[in-house]
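Everything on this sheet refers to the single structure shown next.
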Amino acid sequence: MTELNAVLEAATKDFDNSLERLFKLVRIPSISTDPAYAAECEKAANAIVDDLKGLGFKAQVRPTPGRPMVVAHYTPKEATKDTPHLLFYGHYDVQPADPLELWTTPPFEPTIKTDGKVKRMYGRGTSDDKGQFMTFVEAARAWIRTTGTLPIRATFLIEGEEESGSPSLVPFLKANAKELSCDAAFVCDTNMWDPKTPAITTRLRGMAREEVTITGPRIDLHSGMYGGPAMNPIRVLSKVIAALHDKTGKVTIPGFYDGVSDLPKQTKKQWQSLKFSEAKFLKDVGLKLPAGEKGKSVLEQIWARPTAEVNGIWGGYTGVGTKTVLPSKAHAKFTFRLVGRQNPEKVLKAFRSFVKGLVPKDCKVEFAGGNGSPATEIPEDNPFIAKSARALKDEFRRDTVLMGSGGSIPICRFFKDILGMDSILVGFALTDDAIHSPNEKYDLESYRRGIRSWVRIMGEFGK
């Protein structure tokens, strides 16, 4: 039996214990956004450190102005300057469980259910992200218990504020850049292509946020006495929103597409080979017709094109019944998903200029909350991607899909800009895991194959 096969067999035999270790972590309600759960976040961080120390890591709970970080290092005795040094990132904090009445099982009491032939664990954090980052903890455990060491140098960074915007992360990375800089960072917080097909995410959209308030009259007005001559700010805001897109679905803000490149032909061909059903994708949410840019596939729209969206709009009377009022103010929240080399600050500046150009002189406009982060794109010929894809194929017996993501994971840009290393996004979640929602789940097979995959990836880099 080869060394790798022995480690894989050990991971398989220890799977029930791996499951129980995850369940102990899930039982800790480490909700970072609510100060009432600060002690629980400390408890989760300490539990992870104790576990890693037991494996021989030099592990610490590191304080921040918010929730603590977990930092752990492992250096094999036989390590040389050529031994790869990999950073593994995850987060132990979770979203609030509300609304509690929609959970079918207690959110912080992990429960296994069998749906058809598929076994799933339910509980807050089972998928996002405790079940994900524990896959590489358990892979390290299998290597160390079987061979006495790891085949690589490893640094673990487990964050405690990812679900609340990571306010402490950038200062922490800057203050500890020398300690945390490695050859590459592995992030386990993404999806597989489907339950049987592994994936590496190579594209993440960036995001910019803005809130707009338009003020017309200094007070709310009687619509019978002032309707007509008095400008209604909701009308102005509606004009702004209606002008955001043209008939083809393109964003009309001048300069918005600066830094956006066409999708490479090889990437486009690979995405077309995935046999993605656009009709089913929309049908699942009660829709039929794609509403984005004409001539772009749904996958291209989600993974490789920027967007301008309205996330909320309010103003005037919204209670029960009628109140004949012209409101003084109208508000809307906007987000822009960014790709390529789009600059968040330039996008926001262009948007503000666009809005101001549509607001009449008798009204004023205010902006609040403008901030953002750029997109991340990792070249598909990156050697860390190639080796990881090969290891995943060995486990799943299927080619690894190199896919994009419509979402944003800002830490990948921070790793690149602050620590100078690329991020390799390998995850084992599924699109139906209901992360951030009631009844979050994680397939037991995702957890099992995730552990085995990290065993293989570590072995691949240790060759």
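Residue numbering restarts at 1 in every chain; chains get A, B, ... in the order shown in the structure tokens, and ligands count up from 1 in that same order.
For Ile457 (chain A), the set of protein, DNA and RNA residues having any atom at most 8 Å away, when counting only C-alpha atoms and skipping those fewer than 6 positions along the same chain, is Lys387, Ser388, Ala391 and Leu392 of chain A.
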Go ahead and write the residues just picked, C-alpha atoms, as a short mmCIF file (atom, residue, chain, number, x, y, z; two decimals), in the first residue's frame.
data_model
loop_
_atom_site.label_atom_id
_atom_site.label_comp_id
_atom_site.auth_asym_id
_atom_site.auth_seq_id
_atom_site.Cartn_x
_atom_site.Cartn_y
_atom_site.Cartn_z
CA LYS A 387 -1.97 20.33 -9.49
CA SER A 388 -5.16 20.78 -7.45
CA ALA A 391 -5.72 15.67 -7.35
CA LEU A 392 -9.48 16.33 -7.48
#
Spatial neighbours of region 130-137 of chain A, max dist 8 Å, only C-alpha atoms, sep filter under 3 positions, as a list in words: Leu22, Leu25, Val26, Leu52, Phe88, Tyr89, Gly90, His91, Tyr92, Gly125, Thr126, Ser127, Ala140, Arg141, Cys188, Asp189, Gly427, Phe428, Ala429, Tyr442, Tyr447, Arg448, Gly450, Ile451, Trp454 and Val455 of chain A
Output N, CA and C atoms of each residue in that selection to a file, as a PDB file, in the first residue's frame.
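Done, and the output landed in result.pdb:
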ATOM      1  N   LEU A  22     -16.795  17.789  13.957  1.00  0.00           N
ATOM      2  CA  LEU A  22     -17.494  18.891  13.304  1.00  0.00           C
ATOM      3  C   LEU A  22     -18.743  19.270  14.080  1.00  0.00           C
ATOM      4  N   LEU A  25     -18.231  21.540  16.960  1.00  0.00           N
ATOM      5  CA  LEU A  25     -17.989  22.921  16.551  1.00  0.00           C
ATOM      6  C   LEU A  25     -19.294  23.601  16.128  1.00  0.00           C
ATOM      7  N   VAL A  26     -20.148  22.869  15.440  1.00  0.00           N
ATOM      8  CA  VAL A  26     -21.433  23.427  15.004  1.00  0.00           C
ATOM      9  C   VAL A  26     -22.306  23.782  16.198  1.00  0.00           C
ATOM     10  N   LEU A  52      -5.929  21.745  16.979  1.00  0.00           N
ATOM     11  CA  LEU A  52      -4.719  21.817  16.163  1.00  0.00           C
ATOM     12  C   LEU A  52      -3.463  21.582  16.996  1.00  0.00           C
ATOM     13  N   PHE A  88      -4.050  27.769   4.438  1.00  0.00           N
ATOM     14  CA  PHE A  88      -5.426  27.295   4.330  1.00  0.00           C
ATOM     15  C   PHE A  88      -6.330  28.245   5.118  1.00  0.00           C
ATOM     16  N   TYR A  89      -7.314  28.801   4.415  1.00  0.00           N
ATOM     17  CA  TYR A  89      -8.188  29.808   5.031  1.00  0.00           C
ATOM     18  C   TYR A  89      -9.634  29.307   5.135  1.00  0.00           C
ATOM     19  N   GLY A  90     -10.247  29.632   6.268  1.00  0.00           N
ATOM     20  CA  GLY A  90     -11.677  29.393   6.465  1.00  0.00           C
ATOM     21  C   GLY A  90     -12.179  30.338   7.532  1.00  0.00           C
ATOM     22  N   HIS A  91     -13.445  30.228   7.889  1.00  0.00           N
ATOM     23  CA  HIS A  91     -13.964  31.070   8.964  1.00  0.00           C
ATOM     24  C   HIS A  91     -14.885  30.263   9.874  1.00  0.00           C
ATOM     25  N   TYR A  92     -14.756  30.523  11.178  1.00  0.00           N
ATOM     26  CA  TYR A  92     -15.557  29.786  12.155  1.00  0.00           C
ATOM     27  C   TYR A  92     -16.845  30.507  12.524  1.00  0.00           C
ATOM     28  N   GLY A 125     -23.879  26.587   9.918  1.00  0.00           N
ATOM     29  CA  GLY A 125     -22.435  26.447   9.804  1.00  0.00           C
ATOM     30  C   GLY A 125     -21.979  25.098   9.290  1.00  0.00           C
ATOM     31  N   THR A 126     -22.909  24.157   9.090  1.00  0.00           N
ATOM     32  CA  THR A 126     -22.489  22.844   8.578  1.00  0.00           C
ATOM     33  C   THR A 126     -21.808  22.983   7.222  1.00  0.00           C
ATOM     34  N   SER A 127     -22.319  23.903   6.397  1.00  0.00           N
ATOM     35  CA  SER A 127     -21.711  24.136   5.088  1.00  0.00           C
ATOM     36  C   SER A 127     -20.858  25.394   5.077  1.00  0.00           C
ATOM     37  N   ALA A 140      -5.370  16.964   7.365  1.00  0.00           N
ATOM     38  CA  ALA A 140      -4.097  17.076   8.078  1.00  0.00           C
ATOM     39  C   ALA A 140      -4.009  16.034   9.179  1.00  0.00           C
ATOM     40  N   ARG A 141      -5.122  15.810   9.858  1.00  0.00           N
ATOM     41  CA  ARG A 141      -5.142  14.802  10.928  1.00  0.00           C
ATOM     42  C   ARG A 141      -4.802  13.420  10.363  1.00  0.00           C
ATOM     43  N   CYS A 188     -11.448  27.332   1.252  1.00  0.00           N
ATOM     44  CA  CYS A 188     -12.496  26.311   1.165  1.00  0.00           C
ATOM     45  C   CYS A 188     -13.821  26.955   1.580  1.00  0.00           C
ATOM     46  N   ASP A 189     -14.425  27.707   0.648  1.00  0.00           N
ATOM     47  CA  ASP A 189     -15.683  28.408   0.947  1.00  0.00           C
ATOM     48  C   ASP A 189     -16.497  28.571  -0.336  1.00  0.00           C
ATOM     49  N   GLY A 427     -13.876  24.144  -3.029  1.00  0.00           N
ATOM     50  CA  GLY A 427     -14.920  23.949  -2.033  1.00  0.00           C
ATOM     51  C   GLY A 427     -15.778  22.754  -2.370  1.00  0.00           C
ATOM     52  N   PHE A 428     -16.562  22.313  -1.392  1.00  0.00           N
ATOM     53  CA  PHE A 428     -17.364  21.098  -1.560  1.00  0.00           C
ATOM     54  C   PHE A 428     -18.828  21.326  -1.211  1.00  0.00           C
ATOM     55  N   ALA A 429     -19.231  22.591  -1.142  1.00  0.00           N
ATOM     56  CA  ALA A 429     -20.635  22.907  -0.920  1.00  0.00           C
ATOM     57  C   ALA A 429     -21.420  22.675  -2.204  1.00  0.00           C
ATOM     58  N   TYR A 442     -25.348  20.228   4.762  1.00  0.00           N
ATOM     59  CA  TYR A 442     -24.114  19.830   4.090  1.00  0.00           C
ATOM     60  C   TYR A 442     -24.207  18.330   3.882  1.00  0.00           C
ATOM     61  N   TYR A 447     -18.684  16.167   2.712  1.00  0.00           N
ATOM     62  CA  TYR A 447     -17.704  16.228   3.804  1.00  0.00           C
ATOM     63  C   TYR A 447     -16.664  15.117   3.653  1.00  0.00           C
ATOM     64  N   ARG A 448     -17.138  13.906   3.352  1.00  0.00           N
ATOM     65  CA  ARG A 448     -16.215  12.766   3.217  1.00  0.00           C
ATOM     66  C   ARG A 448     -15.267  12.959   2.040  1.00  0.00           C
ATOM     67  N   GLY A 450     -14.585  15.728   0.563  1.00  0.00           N
ATOM     68  CA  GLY A 450     -13.761  16.906   0.808  1.00  0.00           C
ATOM     69  C   GLY A 450     -12.505  16.569   1.584  1.00  0.00           C
ATOM     70  N   ILE A 451     -12.649  15.775   2.638  1.00  0.00           N
ATOM     71  CA  ILE A 451     -11.488  15.347   3.432  1.00  0.00           C
ATOM     72  C   ILE A 451     -10.505  14.576   2.555  1.00  0.00           C
ATOM     73  N   TRP A 454      -8.578  16.847   0.103  1.00  0.00           N
ATOM     74  CA  TRP A 454      -7.463  17.606   0.688  1.00  0.00           C
ATOM     75  C   TRP A 454      -6.289  16.687   1.008  1.00  0.00           C
ATOM     76  N   VAL A 455      -6.570  15.446   1.382  1.00  0.00           N
ATOM     77  CA  VAL A 455      -5.477  14.473   1.552  1.00  0.00           C
ATOM     78  C   VAL A 455      -4.693  14.372   0.250  1.00  0.00           C
TER      79      VAL A 455
END
Counting only C-alpha atoms, which residue out of A:Ala308, A:Val320, A:Ala368, A:Ile144 sits closest to Ala243 (chain A)? A:Ala308
As a VMD selection string, which residues of region 149-292 of chain A does DSSP assign to helix (DSSP H, G or I)? chain A and resid 162 to 164 169 to 175 177 to 180 223 to 226 233 to 242 265 to 272 278 to 283
Here is a test: counting only C-alpha atoms, which residue of A:Phe367, A:Lys441, A:Thr267, A:Ala184 is nearest to Ile424 (chain A)? A:Ala184
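Proximity of A:Thr197, A:Thr318, A:Ser32, A:Ser373 to Val426 (chain A), computed with only C-alpha atoms, is greatest for A:Thr197.
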Got a sec: who's within 8 Å of Arg452 (chain A), counting only C-alpha atoms, leaving out chain neighbours fewer than 5 positions off, as a list of chain:residue names? A:Leu8, A:Ala11, A:Thr12, A:Ala139, A:Glu395
